[in-house]
Structures are given as C-alpha cells and as structure tokens.
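Visitor: Here you go, this is model.csv (CSV, C-alpha atoms and all ligand atoms).
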```csv
chain,number,residue,atom,x,y,z
A,178,PHE,CA,-3.6,10.9,14.0
A,179,ARG,CA,-6.4,9.1,12.2
A,180,LEU,CA,-5.5,6.8,9.3
A,181,ALA,CA,-8.3,6.1,6.8
A,182,VAL,CA,-8.2,3.1,4.4
A,183,VAL,CA,-10.5,3.3,1.4
A,184,GLN,CA,-11.5,-0.1,0.0
A,185,LEU,CA,-12.7,1.1,-3.4
A,186,GLN,CA,-14.9,-1.0,-5.7
A,187,VAL,CA,-12.7,-0.6,-8.8
A,188,SER,CA,-14.4,-1.0,-12.2
A,189,SER,CA,-13.3,-0.7,-15.8
A,190,ASP,CA,-14.7,2.8,-15.9
A,191,LYS,CA,-11.8,5.0,-15.0
A,192,ALA,CA,-13.8,8.2,-14.7
A,193,ASN,CA,-16.1,6.5,-12.3
A,194,ASN,CA,-13.2,5.2,-10.2
A,195,LEU,CA,-11.8,8.7,-10.0
A,196,SER,CA,-15.1,10.4,-9.0
A,197,LYS,CA,-15.7,7.7,-6.3
A,198,VAL,CA,-12.2,8.4,-4.9
A,199,ARG,CA,-13.1,12.1,-4.7
A,200,ARG,CA,-16.3,11.3,-2.8
A,201,LEU,CA,-14.8,8.7,-0.5
A,202,VAL,CA,-11.7,10.7,0.4
A,203,LYS,CA,-14.0,13.6,1.3
A,204,GLU,CA,-16.0,11.3,3.5
A,205,ALA,CA,-12.8,10.0,5.2
A,206,ALA,CA,-11.7,13.6,5.8
A,207,GLY,CA,-15.1,14.3,7.4
A,208,GLN,CA,-14.4,11.5,9.8
A,209,GLY,CA,-11.0,13.0,10.8
A,210,GLY,CA,-8.8,11.1,8.4
A,211,LYS,CA,-5.4,12.8,8.0
A,212,VAL,CA,-3.7,10.1,6.0
A,213,VAL,CA,-5.8,8.3,3.5
A,214,LEU,CA,-4.7,5.1,1.7
A,215,LEU,CA,-6.2,3.9,-1.6
A,216,PRO,CA,-5.8,0.4,-3.2
A,217,GLU,CA,-3.3,-0.9,-5.6
A,218,CYS,CA,-4.1,0.3,-9.2
A,219,PHE,CA,-7.2,2.0,-8.0
A,220,ASN,CA,-7.9,3.7,-11.4
A,221,SER,CA,-7.8,0.4,-13.3
A,222,PRO,CA,-8.9,-3.2,-13.1
A,223,TYR,CA,-6.0,-5.2,-11.7
A,224,GLY,CA,-4.5,-7.4,-14.5
A,225,THR,CA,-1.6,-7.4,-17.0
A,226,SER,CA,-4.0,-6.9,-19.9
A,227,PHE,CA,-5.2,-3.6,-18.4
A,228,PHE,CA,-2.1,-1.9,-17.4
A,229,SER,CA,-1.1,-0.4,-20.7
A,230,LYS,CA,-4.6,0.9,-21.4
A,231,TYR,CA,-5.0,2.6,-18.0
A,232,ALA,CA,-1.4,3.7,-17.6
A,233,GLU,CA,-0.7,7.5,-17.2
A,234,LYS,CA,2.3,9.7,-16.9
A,235,ILE,CA,2.8,11.3,-13.5
A,236,PRO,CA,1.7,14.0,-13.4
A,237,GLY,CA,-1.4,13.0,-15.4
A,238,GLU,CA,-5.2,12.9,-15.1
A,239,THR,CA,-5.3,10.6,-12.1
A,240,THR,CA,-2.5,12.1,-10.1
A,241,GLN,CA,-3.9,15.6,-10.9
A,242,MET,CA,-7.1,14.5,-9.2
A,243,LEU,CA,-5.1,13.1,-6.2
A,244,SER,CA,-3.3,16.4,-5.9
A,245,GLU,CA,-6.5,18.4,-5.9
A,246,VAL,CA,-8.3,16.1,-3.4
A,247,ALA,CA,-5.3,16.1,-1.0
A,248,LYS,CA,-5.3,19.9,-1.1
A,249,GLU,CA,-9.1,20.3,-0.8
A,250,ASN,CA,-9.2,18.0,2.2
A,251,LYS,CA,-5.8,19.0,3.7
A,252,LEU,CA,-4.5,15.5,4.1
A,253,HIS,CA,-1.9,13.0,2.8
A,254,LEU,CA,-3.1,10.8,0.1
A,255,VAL,CA,-1.5,7.5,-1.0
A,256,GLY,CA,-2.4,5.1,-3.8
A,257,SER,CA,-1.0,3.2,-6.8
A,258,ILE,CA,-1.7,3.4,-10.5
A,259,PRO,CA,-0.2,1.9,-13.6
A,260,GLU,CA,2.4,4.5,-14.7
A,261,GLU,CA,4.0,5.0,-18.1
A,262,ASP,CA,7.4,6.6,-18.3
A,263,GLY,CA,10.0,6.4,-21.0
A,264,GLY,CA,8.2,3.7,-22.9
A,265,LYS,CA,8.1,1.4,-19.8
A,266,LEU,CA,5.2,0.6,-17.4
A,267,TYR,CA,5.4,0.6,-13.6
A,268,ASN,CA,3.1,0.0,-10.7
A,269,THR,CA,3.6,3.3,-9.0
A,270,CYS,CA,2.4,4.6,-5.7
A,271,ALA,CA,2.1,8.4,-5.6
A,272,VAL,CA,2.0,10.3,-2.3
A,273,PHE,CA,0.5,13.8,-2.1
A,274,GLY,CA,0.7,16.2,0.8
A,275,PRO,CA,-1.9,18.6,2.2
A,276,GLU,CA,-0.8,21.4,-0.2
A,277,GLY,CA,-1.4,19.1,-3.1
A,278,GLU,CA,2.3,18.6,-3.6
A,279,LEU,CA,3.7,15.3,-4.9
A,280,ILE,CA,5.9,14.0,-2.1
A,281,LEU,CA,7.2,10.8,-3.6
A,282,LYS,CA,6.7,8.1,-6.2
A,283,HIS,CA,7.3,4.5,-5.1
A,284,ARG,CA,7.5,2.0,-8.0
A,285,LYS,CA,6.7,-1.6,-6.9
A,286,ILE,CA,10.1,-3.2,-6.3
A,287,HIS,CA,9.1,-6.8,-6.3
A,288,LEU,CA,6.9,-7.8,-9.3
A,289,PHE,CA,4.1,-10.3,-8.7
A,290,ASP,CA,5.2,-13.3,-10.7
A,291,ILE,CA,3.7,-16.5,-9.3
A,292,ASP,CA,2.4,-19.8,-10.7
A,293,VAL,CA,0.3,-21.9,-8.4
A,294,PRO,CA,-0.9,-24.8,-10.6
A,295,GLY,CA,-4.7,-25.1,-10.9
A,296,LYS,CA,-5.1,-21.9,-8.8
A,297,ILE,CA,-3.5,-18.7,-10.1
A,298,ARG,CA,-0.8,-17.7,-12.6
A,299,PHE,CA,0.1,-14.0,-12.6
A,300,GLN,CA,3.2,-12.5,-14.3
A,301,GLU,CA,3.4,-8.8,-13.7
A,302,SER,CA,6.8,-8.8,-15.4
A,303,GLU,CA,5.2,-9.6,-18.7
A,304,THR,CA,4.2,-5.9,-18.8
A,305,LEU,CA,5.7,-4.0,-15.9
A,306,SER,CA,9.2,-3.0,-14.9
A,307,PRO,CA,10.3,-3.0,-11.3
A,308,GLY,CA,11.2,0.1,-9.3
A,309,ASN,CA,14.6,0.3,-7.7
A,310,SER,CA,14.3,2.3,-4.6
A,311,LEU,CA,13.0,2.3,-1.0
A,312,SER,CA,10.5,5.1,-0.2
A,313,THR,CA,9.6,6.9,3.0
A,314,PHE,CA,7.8,10.1,3.8
A,315,ASP,CA,7.1,12.2,6.9
A,316,THR,CA,3.7,13.2,8.1
A,317,PHE,CA,2.6,12.7,11.8
A,318,CYS,CA,5.2,9.9,11.8
A,319,ARG,CA,7.6,8.4,9.3
A,320,VAL,CA,5.9,6.2,6.8
A,321,GLY,CA,7.4,3.4,4.7
A,322,VAL,CA,5.8,2.6,1.3
A,323,GLY,CA,5.5,-0.7,-0.5
A,324,ILE,CA,3.0,-2.2,-2.9
A,325,CYS,CA,1.3,-5.5,-2.4
A,326,TYR,CA,3.9,-8.2,-3.3
A,327,ASP,CA,6.6,-6.0,-1.7
A,328,MET,CA,4.9,-7.0,1.6
A,329,ARG,CA,6.2,-10.5,1.3
A,330,PHE,CA,9.8,-9.4,1.5
A,331,ALA,CA,10.6,-9.1,5.2
A,332,GLU,CA,13.9,-7.5,4.6
A,333,LEU,CA,12.2,-4.4,3.2
A,334,ALA,CA,10.0,-4.1,6.3
A,335,GLN,CA,13.0,-4.6,8.5
A,336,LEU,CA,14.8,-1.8,6.8
A,337,TYR,CA,11.8,0.5,7.0
A,338,ASN,CA,11.3,-0.4,10.7
A,339,ARG,CA,14.6,1.3,11.6
A,340,LYS,CA,13.1,4.7,10.8
A,341,CYS,CA,9.3,4.3,10.3
A,342,GLN,CA,6.4,3.9,12.7
A,343,LEU,CA,3.8,3.0,9.9
A,344,LEU,CA,4.2,0.9,6.8
A,345,VAL,CA,1.5,1.2,4.1
A,346,TYR,CA,0.9,-1.3,1.3
A,347,PRO,CA,-1.7,-0.6,-1.4
A,348,GLY,CA,-2.4,-4.3,-2.4
A,349,ALA,CA,-4.7,-6.7,-4.2
A,350,PHE,CA,-4.3,-10.2,-2.9
A,351,ASN,CA,-6.6,-12.8,-4.5
A,352,MET,CA,-8.9,-15.6,-3.5
A,353,THR,CA,-5.9,-18.1,-3.2
A,354,THR,CA,-3.3,-16.0,-1.5
A,355,GLY,CA,-5.6,-13.7,0.4
A,356,PRO,CA,-7.0,-16.3,2.8
A,357,ALA,CA,-3.6,-17.9,3.2
A,358,HIS,CA,-1.3,-15.0,3.7
A,359,TRP,CA,-2.9,-11.5,3.7
A,360,GLU,CA,-3.4,-11.0,7.4
A,361,LEU,CA,-0.5,-13.2,8.4
A,362,LEU,CA,2.0,-11.1,6.5
A,363,GLN,CA,0.7,-7.9,8.1
A,364,ARG,CA,0.7,-9.3,11.6
A,365,ALA,CA,4.3,-10.5,11.1
A,366,ALA,CA,5.1,-6.8,11.5
A,367,LEU,CA,4.7,-7.5,15.2
A,368,ASP,CA,8.3,-8.4,15.0
A,369,ASN,CA,9.1,-5.1,13.6
A,370,GLN,CA,7.0,-3.1,16.1
A,371,THR,CA,5.3,-0.9,13.5
A,372,TYR,CA,1.8,-0.2,12.4
A,373,VAL,CA,1.0,-1.8,9.0
A,374,ALA,CA,-1.9,-0.8,6.8
A,375,THR,CA,-3.1,-2.4,3.6
A,376,ALA,CA,-5.7,-1.1,1.1
A,377,SER,CA,-7.3,-3.6,-1.3
A,378,PRO,CA,-9.9,-3.1,-4.0
A,379,ALA,CA,-13.4,-4.4,-2.9
A,380,ARG,CA,-14.1,-7.8,-4.2
A,381,ASP,CA,-15.8,-8.1,-7.6
A,382,GLU,CA,-16.7,-11.7,-8.4
A,383,ALA,CA,-17.1,-10.8,-12.1
A,384,ALA,CA,-13.6,-9.4,-12.5
A,385,SER,CA,-10.9,-11.4,-14.2
A,386,TYR,CA,-8.8,-11.0,-11.0
A,387,VAL,CA,-10.9,-11.4,-7.9
A,388,ALA,CA,-9.4,-9.3,-5.1
A,389,TRP,CA,-9.6,-10.7,-1.5
A,390,GLY,CA,-10.6,-7.4,0.0
A,391,HIS,CA,-10.2,-7.2,3.8
A,392,SER,CA,-8.2,-4.0,3.9
A,393,THR,CA,-6.6,-4.1,7.4
A,394,VAL,CA,-4.6,-2.1,9.9
A,395,VAL,CA,-2.5,-3.9,12.5
A,396,ASN,CA,-0.1,-3.1,15.2
A,397,GLY,CA,0.5,-6.8,15.9
A,398,GLU,CA,-3.2,-7.0,16.8
A,399,VAL,CA,-5.7,-6.3,14.1
A,400,ILE,CA,-7.1,-2.9,15.0
A,401,ALA,CA,-9.3,-2.3,11.9
A,402,LYS,CA,-10.5,-4.6,9.2
A,403,ALA,CA,-12.9,-4.3,6.2
A,404,GLY,CA,-15.1,-7.1,4.8
A,405,HIS,CA,-15.0,-7.6,1.1
A,406,GLU,CA,-17.3,-4.9,0.0
A,407,GLU,CA,-16.6,-1.2,-0.7
A,408,SER,CA,-16.0,0.6,2.7
A,409,ILE,CA,-13.7,2.9,4.6
A,410,ILE,CA,-11.9,1.7,7.8
A,411,TYR,CA,-10.2,4.0,10.3
A,412,ALA,CA,-7.5,3.5,12.8
A,413,ASP,CA,-6.0,5.9,15.3
A,414,ILE,CA,-2.3,5.7,15.3
A,415,LEU,CA,-1.3,6.4,18.9
A,416,GLN,CA,1.4,6.1,21.5
A,417,TYR,CA,1.3,2.3,21.3
A,418,LEU,CA,4.6,2.0,19.4
A,419,ALA,CA,6.7,4.1,21.7
A,420,ASP,CA,5.4,2.1,24.6
A,421,VAL,CA,6.0,-1.3,23.1
A,422,ARG,CA,9.4,-0.4,21.7
A,423,GLN,CA,10.4,0.6,25.2
A,424,GLN,CA,8.8,-2.4,27.0
A,425,ILE,CA,10.3,-5.0,24.5
A,426,PRO,CA,13.4,-3.2,23.2
A,427,ILE,CA,14.4,-5.6,20.4
A,428,SER,CA,16.0,-2.9,18.3
A,429,SER,CA,18.8,-2.4,20.8
A,430,GLN,CA,19.0,-6.1,21.5
A,431,ARG,CA,19.7,-7.2,17.9
A,432,ARG,CA,23.0,-9.1,17.5
A,433,ASP,CA,24.5,-6.9,14.8
A,434,ASP,CA,27.7,-8.9,15.3
A,435,LEU,CA,26.0,-12.1,14.1
A,436,TYR,CA,23.7,-10.9,11.3
A,437,ALA,CA,22.6,-7.8,9.3
A,438,VAL,CA,20.0,-6.6,6.9
A,439,THR,CA,21.5,-3.9,4.8
A,440,ALA,CA,20.2,-1.6,2.1
A,441,VAL,CA,22.4,-1.7,-1.0
A,442,GLN,CA,21.0,1.6,-2.3
A,443,GLN,CA,19.1,4.2,-0.3
A,444,GLY,CA,15.8,5.3,-1.8
A,445,SER,CA,13.7,8.4,-1.8
A,446,GLY,CA,12.5,9.9,1.4
A,501,LIG,N1,-1.0,-8.6,-6.1
A,501,LIG,C1,0.3,-8.8,-5.6
A,501,LIG,O1,1.2,-8.0,-5.9
A,501,LIG,C2,0.6,-9.8,-4.6
A,501,LIG,C3,-0.3,-10.9,-4.3
A,501,LIG,O2,-1.5,-11.0,-4.7
A,501,LIG,C4,0.3,-11.9,-3.4
A,501,LIG,O3,1.4,-11.8,-3.0
A,501,LIG,O4,-0.4,-12.9,-3.1
```
Do you think you could lay out the structure here as structure tokens?
Ligand SMILES: NC(=O)CC(=O)C(=O)O
Guide:
Amino acid sequence: FRLAVVQLQVSSDKANNLSKVRRLVKEAAGQGGKVVLLPECFNSPYGTSFFSKYAEKIPGETTQMLSEVAKENKLHLVGSIPEEDGGKLYNTCAVFGPEGELILKHRKIHLFDIDVPGKIRFQESETLSPGNSLSTFDTFCRVGVGICYDMRFAELAQLYNRKCQLLVYPGAFNMTTGPAHWELLQRAALDNQTYVATASPARDEAASYVAWGHSTVVNGEVIAKAGHEESIIYADILQYLADVRQQIPISSQRRDDLYAVTAVQQGSG
C-alpha cells in the first residue's frame, strides 16, 4: 500500500491549517495514498505557550475535520493535536479509518523535557500530561503509534516490533536535535526490522520553535525524505519486511533467557 506523509507548513491560523490539511490529504489520495500521516500538533504552532489556546476535546473541530477527510478520501488518517480532557492537556495522536471512524487516540507517553545549555530548553511537562498506554491499529499491516520524543525510547519500538510492520511518529525535532538525531533514530529501526515514518511540520524560520522538517520513511534505508519546505512524500510499503525478517531472523534468535523488554501495561489496539 502507499503511505503518504504530509509535511505541513503550520501557522498560527488554525482555520488555515485545517483547510490546508483538507487540500493536501485530497492530493495525497489522488496519488494513491491509503494511509496519510500528518505532523505533530498540526493545528497549532509547536510550543508550550500555544497548547492551551489551540487544545480541543476529541471529538472537536479538528478531529471532526479529520473524520470527514478520512471518509471522503477513503483512507486512514493519523496526526497529533493538543487535546484537552478533564482539565488536563495532552499531545494526542488521533487515528481515523476510511469510514470516518475514530480508531484510537495515542497520548504522547514521553514528554519532551530537555535542557541543552545555549541551544534549546523545552519543557512539555510545564503544560502537558503524559499518556499511559501503547497504541497499535490495523490497516494493510499493523501500525504502532508514537509521538516525536517517544521515538527516542527504543524499548517502545522493540515492543511494537513484535506485532507491527510500520511505526509512525508525528514529530517536530528542532535545529539542534534534528541534524543530530532525527534520521539516525529512524534508521535505528533497522534493528527492529520495521518501516518507520515521521511527519514534521515544514520549517518556519520566524516561528518560536523552528522545526527541522525532513519528514522521512525508512526501512533501514531511507526510502523517502522531504526537504524543509511544505511537501508530500510517498513510500510504497511492500514485501521487503517479510523477506528481511526471513533472511535475517533475529526475532527467533533473541536470547530471551538472558534479557527481556516487557510491557508493564498493554495499551489500546
Ligand atoms: N519535539 C519532541 O518531542 C522531541 C524532539 O524534538 C527531540 O527529541 O529532539
């Protein structure tokens, strides 16, 4: 099946962000996209000072639009927004199916709290609460869902790998961590023998948080990669995994008698 990744130029105008998503998802569907991935917090500028203003309940205005667009174009649609629920805010990825149905919500498990002196300090936990479950859904293959900083936690990818063929991460790395780690982390999935797709906002040099861009799809090799401007990239998810898993059968060669990665709680999906 064809995966499309929309690298949206997110602005402070929510209505404009939503109308561009409608147009770009339609364009992706016209190119055969059956699963479409949108960036982290695609309806809002990325930053702790914006989350409460742009947050919505699910269902709400933005996810209603996602539901309609998924149904109109008969595809799976994945993307994160700031969510408000019970007085708390989350960074939540909603997944809609081709009938417009909400399949799952994944709330970012690992909040992006870093302090790199002289470069970047970002503390999502100042405004957001973490999610508490792993999330997978079934389409043409089984898909594991994480959001941005979740990608840094190899244990999560290892757990997903046991049942998934594709991992998707709406994300927004920045001009410090992007060049250093963005592609490297995705390519590390080589060890997990899965496809990995990331969707970043396009770069806006005038924004308070400048996203790295470079949305990417890898299967160990980089098979599709955007620049830093608004664009859609496509990747055909093929037989590759079955072949490589058979040729290099690490899943049956693991030394479960020596080490283990275990989920304490099972999540949705
Ligand atoms: N934005 C994030 O959640 C993570 C990020 O930018 C990084 O890990 O670097």
Visitor: Using all atoms listed in the file, find each residue of chain A with at least one atom at most 10 Å away from an atom of ligand LIG 501 (chain A); report its shortest atom-to-atom pair and that distance in Å (one decimal), sort the rows by chain and rising residue number, and return the result as JSON lines.
Guide:
```
{"residue": "A:Glu217", "atom": "CA", "partner": "A:LIG501", "partner_atom": "N1", "distance": 8.1}
{"residue": "A:Cys218", "atom": "CA", "partner": "A:LIG501", "partner_atom": "N1", "distance": 9.9}
{"residue": "A:Tyr223", "atom": "CA", "partner": "A:LIG501", "partner_atom": "N1", "distance": 8.2}
{"residue": "A:Gly224", "atom": "CA", "partner": "A:LIG501", "partner_atom": "N1", "distance": 9.2}
{"residue": "A:Asn268", "atom": "CA", "partner": "A:LIG501", "partner_atom": "O1", "distance": 9.5}
{"residue": "A:Lys285", "atom": "CA", "partner": "A:LIG501", "partner_atom": "O1", "distance": 8.5}
{"residue": "A:His287", "atom": "CA", "partner": "A:LIG501", "partner_atom": "O1", "distance": 8.0}
{"residue": "A:Leu288", "atom": "CA", "partner": "A:LIG501", "partner_atom": "O1", "distance": 6.6}
{"residue": "A:Phe289", "atom": "CA", "partner": "A:LIG501", "partner_atom": "O1", "distance": 4.6}
{"residue": "A:Asp290", "atom": "CA", "partner": "A:LIG501", "partner_atom": "O1", "distance": 8.2}
{"residue": "A:Ile291", "atom": "CA", "partner": "A:LIG501", "partner_atom": "O3", "distance": 8.2}
{"residue": "A:Ile297", "atom": "CA", "partner": "A:LIG501", "partner_atom": "O4", "distance": 9.6}
{"residue": "A:Phe299", "atom": "CA", "partner": "A:LIG501", "partner_atom": "N1", "distance": 8.5}
{"residue": "A:Gln300", "atom": "CA", "partner": "A:LIG501", "partner_atom": "O1", "distance": 9.7}
{"residue": "A:Glu301", "atom": "CA", "partner": "A:LIG501", "partner_atom": "O1", "distance": 8.1}
{"residue": "A:Ile324", "atom": "CA", "partner": "A:LIG501", "partner_atom": "O1", "distance": 6.8}
{"residue": "A:Cys325", "atom": "CA", "partner": "A:LIG501", "partner_atom": "O1", "distance": 4.3}
{"residue": "A:Tyr326", "atom": "CA", "partner": "A:LIG501", "partner_atom": "O1", "distance": 3.8}
{"residue": "A:Asp327", "atom": "CA", "partner": "A:LIG501", "partner_atom": "O1", "distance": 7.1}
{"residue": "A:Met328", "atom": "CA", "partner": "A:LIG501", "partner_atom": "O3", "distance": 7.5}
{"residue": "A:Arg329", "atom": "CA", "partner": "A:LIG501", "partner_atom": "O3", "distance": 6.6}
{"residue": "A:Phe330", "atom": "CA", "partner": "A:LIG501", "partner_atom": "O3", "distance": 9.8}
{"residue": "A:Tyr346", "atom": "CA", "partner": "A:LIG501", "partner_atom": "O1", "distance": 9.8}
{"residue": "A:Pro347", "atom": "CA", "partner": "A:LIG501", "partner_atom": "O1", "distance": 9.1}
{"residue": "A:Gly348", "atom": "CA", "partner": "A:LIG501", "partner_atom": "N1", "distance": 5.8}
{"residue": "A:Ala349", "atom": "CA", "partner": "A:LIG501", "partner_atom": "N1", "distance": 4.6}
{"residue": "A:Phe350", "atom": "CA", "partner": "A:LIG501", "partner_atom": "O2", "distance": 3.4}
{"residue": "A:Asn351", "atom": "CA", "partner": "A:LIG501", "partner_atom": "O2", "distance": 5.4}
{"residue": "A:Met352", "atom": "CA", "partner": "A:LIG501", "partner_atom": "O2", "distance": 8.8}
{"residue": "A:Thr353", "atom": "CA", "partner": "A:LIG501", "partner_atom": "O4", "distance": 7.6}
{"residue": "A:Thr354", "atom": "CA", "partner": "A:LIG501", "partner_atom": "O4", "distance": 4.5}
{"residue": "A:Gly355", "atom": "CA", "partner": "A:LIG501", "partner_atom": "O4", "distance": 6.3}
{"residue": "A:Pro356", "atom": "CA", "partner": "A:LIG501", "partner_atom": "O4", "distance": 9.5}
{"residue": "A:Ala357", "atom": "CA", "partner": "A:LIG501", "partner_atom": "O4", "distance": 8.7}
{"residue": "A:His358", "atom": "CA", "partner": "A:LIG501", "partner_atom": "O4", "distance": 7.2}
{"residue": "A:Trp359", "atom": "CA", "partner": "A:LIG501", "partner_atom": "O4", "distance": 7.4}
{"residue": "A:Leu362", "atom": "CA", "partner": "A:LIG501", "partner_atom": "O3", "distance": 9.5}
{"residue": "A:Ser377", "atom": "CA", "partner": "A:LIG501", "partner_atom": "N1", "distance": 9.4}
{"residue": "A:Tyr386", "atom": "CA", "partner": "A:LIG501", "partner_atom": "N1", "distance": 9.5}
{"residue": "A:Val387", "atom": "CA", "partner": "A:LIG501", "partner_atom": "O2", "distance": 9.9}
{"residue": "A:Ala388", "atom": "CA", "partner": "A:LIG501", "partner_atom": "O2", "distance": 8.1}
{"residue": "A:Trp389", "atom": "CA", "partner": "A:LIG501", "partner_atom": "O2", "distance": 8.7}
```
Visitor: Excluding same-chain residues fewer than 2 positions from stretch 243-245 of chain A, what lies within 6 Å of it counting only C-alpha atoms, as an MDAnalysis selection string?
Guide: chainID A and resid 240:241 247:248 273 277
Visitor: For stretch 412-422 of chain A, list every protein, DNA or RNA residue within 6 Å, evaluated using all atoms listed in the file, and leave out those in the same chain fewer than 6 positions away; present the list as JSON, numbers by chain.
Guide: {"A": [178, 179, 180]}
Visitor: Got a sec: who's within 8 Å of A:Asn194, counting only C-alpha atoms, leaving out chain neighbours fewer than 3 positions off, as a list in words?
Guide: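 So the residues in contact are Leu185, Gln186, Val187, Ser188, Asp190, Lys191, Lys197, Val198, Phe219, Asn220 and Ser221 of chain A.
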Visitor: Using atom CA of A:Ser310 and atom CA of A:Leu336 as the two end points, give the distance in Å to one decimal.
Guide: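 A separation of 12.1 Å between them.
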Visitor: Starting from the point (-17.2, -5.1, -2.7), work out which residues of protein, DNA or RNA have an atom no more than 10 Å away when counting only C-alpha atoms; state them as a short mmCIF file (atom, residue, chain, number, x, y, z; two decimals) with C-alpha atoms, in the coordinates of the input.
Guide:
```
data_model
loop_
_atom_site.label_atom_id
_atom_site.label_comp_id
_atom_site.auth_asym_id
_atom_site.auth_seq_id
_atom_site.Cartn_x
_atom_site.Cartn_y
_atom_site.Cartn_z
CA GLN A 184 -11.50 -0.10 0.00
CA LEU A 185 -12.70 1.10 -3.40
CA GLN A 186 -14.90 -1.00 -5.70
CA VAL A 187 -12.70 -0.60 -8.80
CA PRO A 378 -9.90 -3.10 -4.00
CA ALA A 379 -13.40 -4.40 -2.90
CA ARG A 380 -14.10 -7.80 -4.20
CA ASP A 381 -15.80 -8.10 -7.60
CA GLU A 382 -16.70 -11.70 -8.40
CA ALA A 388 -9.40 -9.30 -5.10
CA TRP A 389 -9.60 -10.70 -1.50
CA GLY A 390 -10.60 -7.40 0.00
CA HIS A 391 -10.20 -7.20 3.80
CA ALA A 403 -12.90 -4.30 6.20
CA GLY A 404 -15.10 -7.10 4.80
CA HIS A 405 -15.00 -7.60 1.10
CA GLU A 406 -17.30 -4.90 0.00
CA GLU A 407 -16.60 -1.20 -0.70
CA SER A 408 -16.00 0.60 2.70
#
```
Visitor: Quote the spacing between atom CA of A:Ala271 and atom CA of A:Asn309 in Å to one decimal place.
Guide: 15.0 Å
Visitor: How far is it from atom CA of A:Gly256 to atom CA of A:Arg200, in Å with one decimal?
Guide: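 Taking atom CA of A:Gly256 as the start and atom CA of A:Arg200 as the end point, the length is 15.3 Å.
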Visitor: Mind listing as a list in words all residues within 8 Å of (6.5, 6.9, -8.4), counting all atoms listed in the file?
Guide: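 Every residue inside that radius is included here: Ile235, Glu260, Thr269, Cys270, Ala271, Leu281, Lys282, His283 and Arg284 of chain A.
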Visitor: From the set A:Val272, A:Ala376, A:Ala440, A:Leu361, which residue has the shortest atom-to-atom contact distance to A:Tyr411, counting only C-alpha atoms?
Guide: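 So, comparing all the options, the nearest one is A:Ala376.
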Visitor: Nearest to A:Ile286: which of A:Tyr436, A:Tyr267, A:Tyr372, A:Phe227 is it, counting only C-alpha atoms?
Guide: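 Closest residue, counting only C-alpha atoms: A:Tyr267.
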Visitor: Would you mind listing what lies within 8 Å of A:Lys402 as a ChimeraX atom specification, with all atoms listed in the file counted and same-chain residues fewer than 3 positions away left out?
Guide: /A:391-394,399,410
Visitor: Point out the residue among A:Asn193, A:Asn250, A:Gln424, A:Ser385 with the least atom-to-atom distance to A:Pro222, counting only C-alpha atoms.
Guide: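 Closest to A:Pro222, using only C-alpha atoms: A:Ser385.
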Visitor: From the structure block, carefully write stretch 323-334 of chain A out with N, CA, C and O atoms; format it as a tab-separated table (two decimals), in the first residue's frame.
Guide:
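Saved file out.tsv follows:
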```
chain	number	residue	atom	x	y	z
A	323	GLY	N	3.59	6.36	17.90
A	323	GLY	CA	4.27	7.14	18.93
A	323	GLY	C	4.27	8.59	18.48
A	323	GLY	O	3.91	8.89	17.34
A	324	ILE	N	4.66	9.49	19.37
A	324	ILE	CA	4.74	10.91	19.00
A	324	ILE	C	6.13	11.43	19.36
A	324	ILE	O	6.52	11.41	20.53
A	325	CYS	N	6.86	11.83	18.35
A	325	CYS	CA	8.12	12.57	18.45
A	325	CYS	C	9.08	12.03	19.52
A	325	CYS	O	9.79	11.06	19.27
A	326	TYR	N	9.10	12.59	20.70
A	326	TYR	CA	10.08	12.18	21.72
A	326	TYR	C	9.94	10.70	22.05
A	326	TYR	O	10.92	10.05	22.45
A	327	ASP	N	8.74	10.14	21.85
A	327	ASP	CA	8.54	8.69	22.05
A	327	ASP	C	9.54	7.88	21.22
A	327	ASP	O	9.89	6.76	21.59
A	328	MET	N	9.98	8.47	20.09
A	328	MET	CA	10.88	7.76	19.18
A	328	MET	C	12.24	7.49	19.82
A	328	MET	O	12.97	6.59	19.41
A	329	ARG	N	12.59	8.27	20.84
A	329	ARG	CA	13.91	8.10	21.46
A	329	ARG	C	13.96	6.88	22.39
A	329	ARG	O	15.03	6.53	22.89
A	330	PHE	N	12.82	6.28	22.66
A	330	PHE	CA	12.78	5.19	23.63
A	330	PHE	C	12.68	3.87	22.87
A	330	PHE	O	11.62	3.45	22.41
A	331	ALA	N	13.85	3.24	22.74
A	331	ALA	CA	13.98	2.05	21.90
A	331	ALA	C	13.09	0.91	22.40
A	331	ALA	O	12.62	0.09	21.62
A	332	GLU	N	12.84	0.90	23.71
A	332	GLU	CA	12.02	-0.19	24.27
A	332	GLU	C	10.62	-0.18	23.65
A	332	GLU	O	10.03	-1.23	23.41
A	333	LEU	N	10.09	1.03	23.43
A	333	LEU	CA	8.75	1.14	22.84
A	333	LEU	C	8.75	0.54	21.43
A	333	LEU	O	7.88	-0.27	21.08
A	334	ALA	N	9.76	0.92	20.63
A	334	ALA	CA	9.85	0.38	19.27
A	334	ALA	C	10.04	-1.14	19.31
A	334	ALA	O	9.48	-1.87	18.48
```
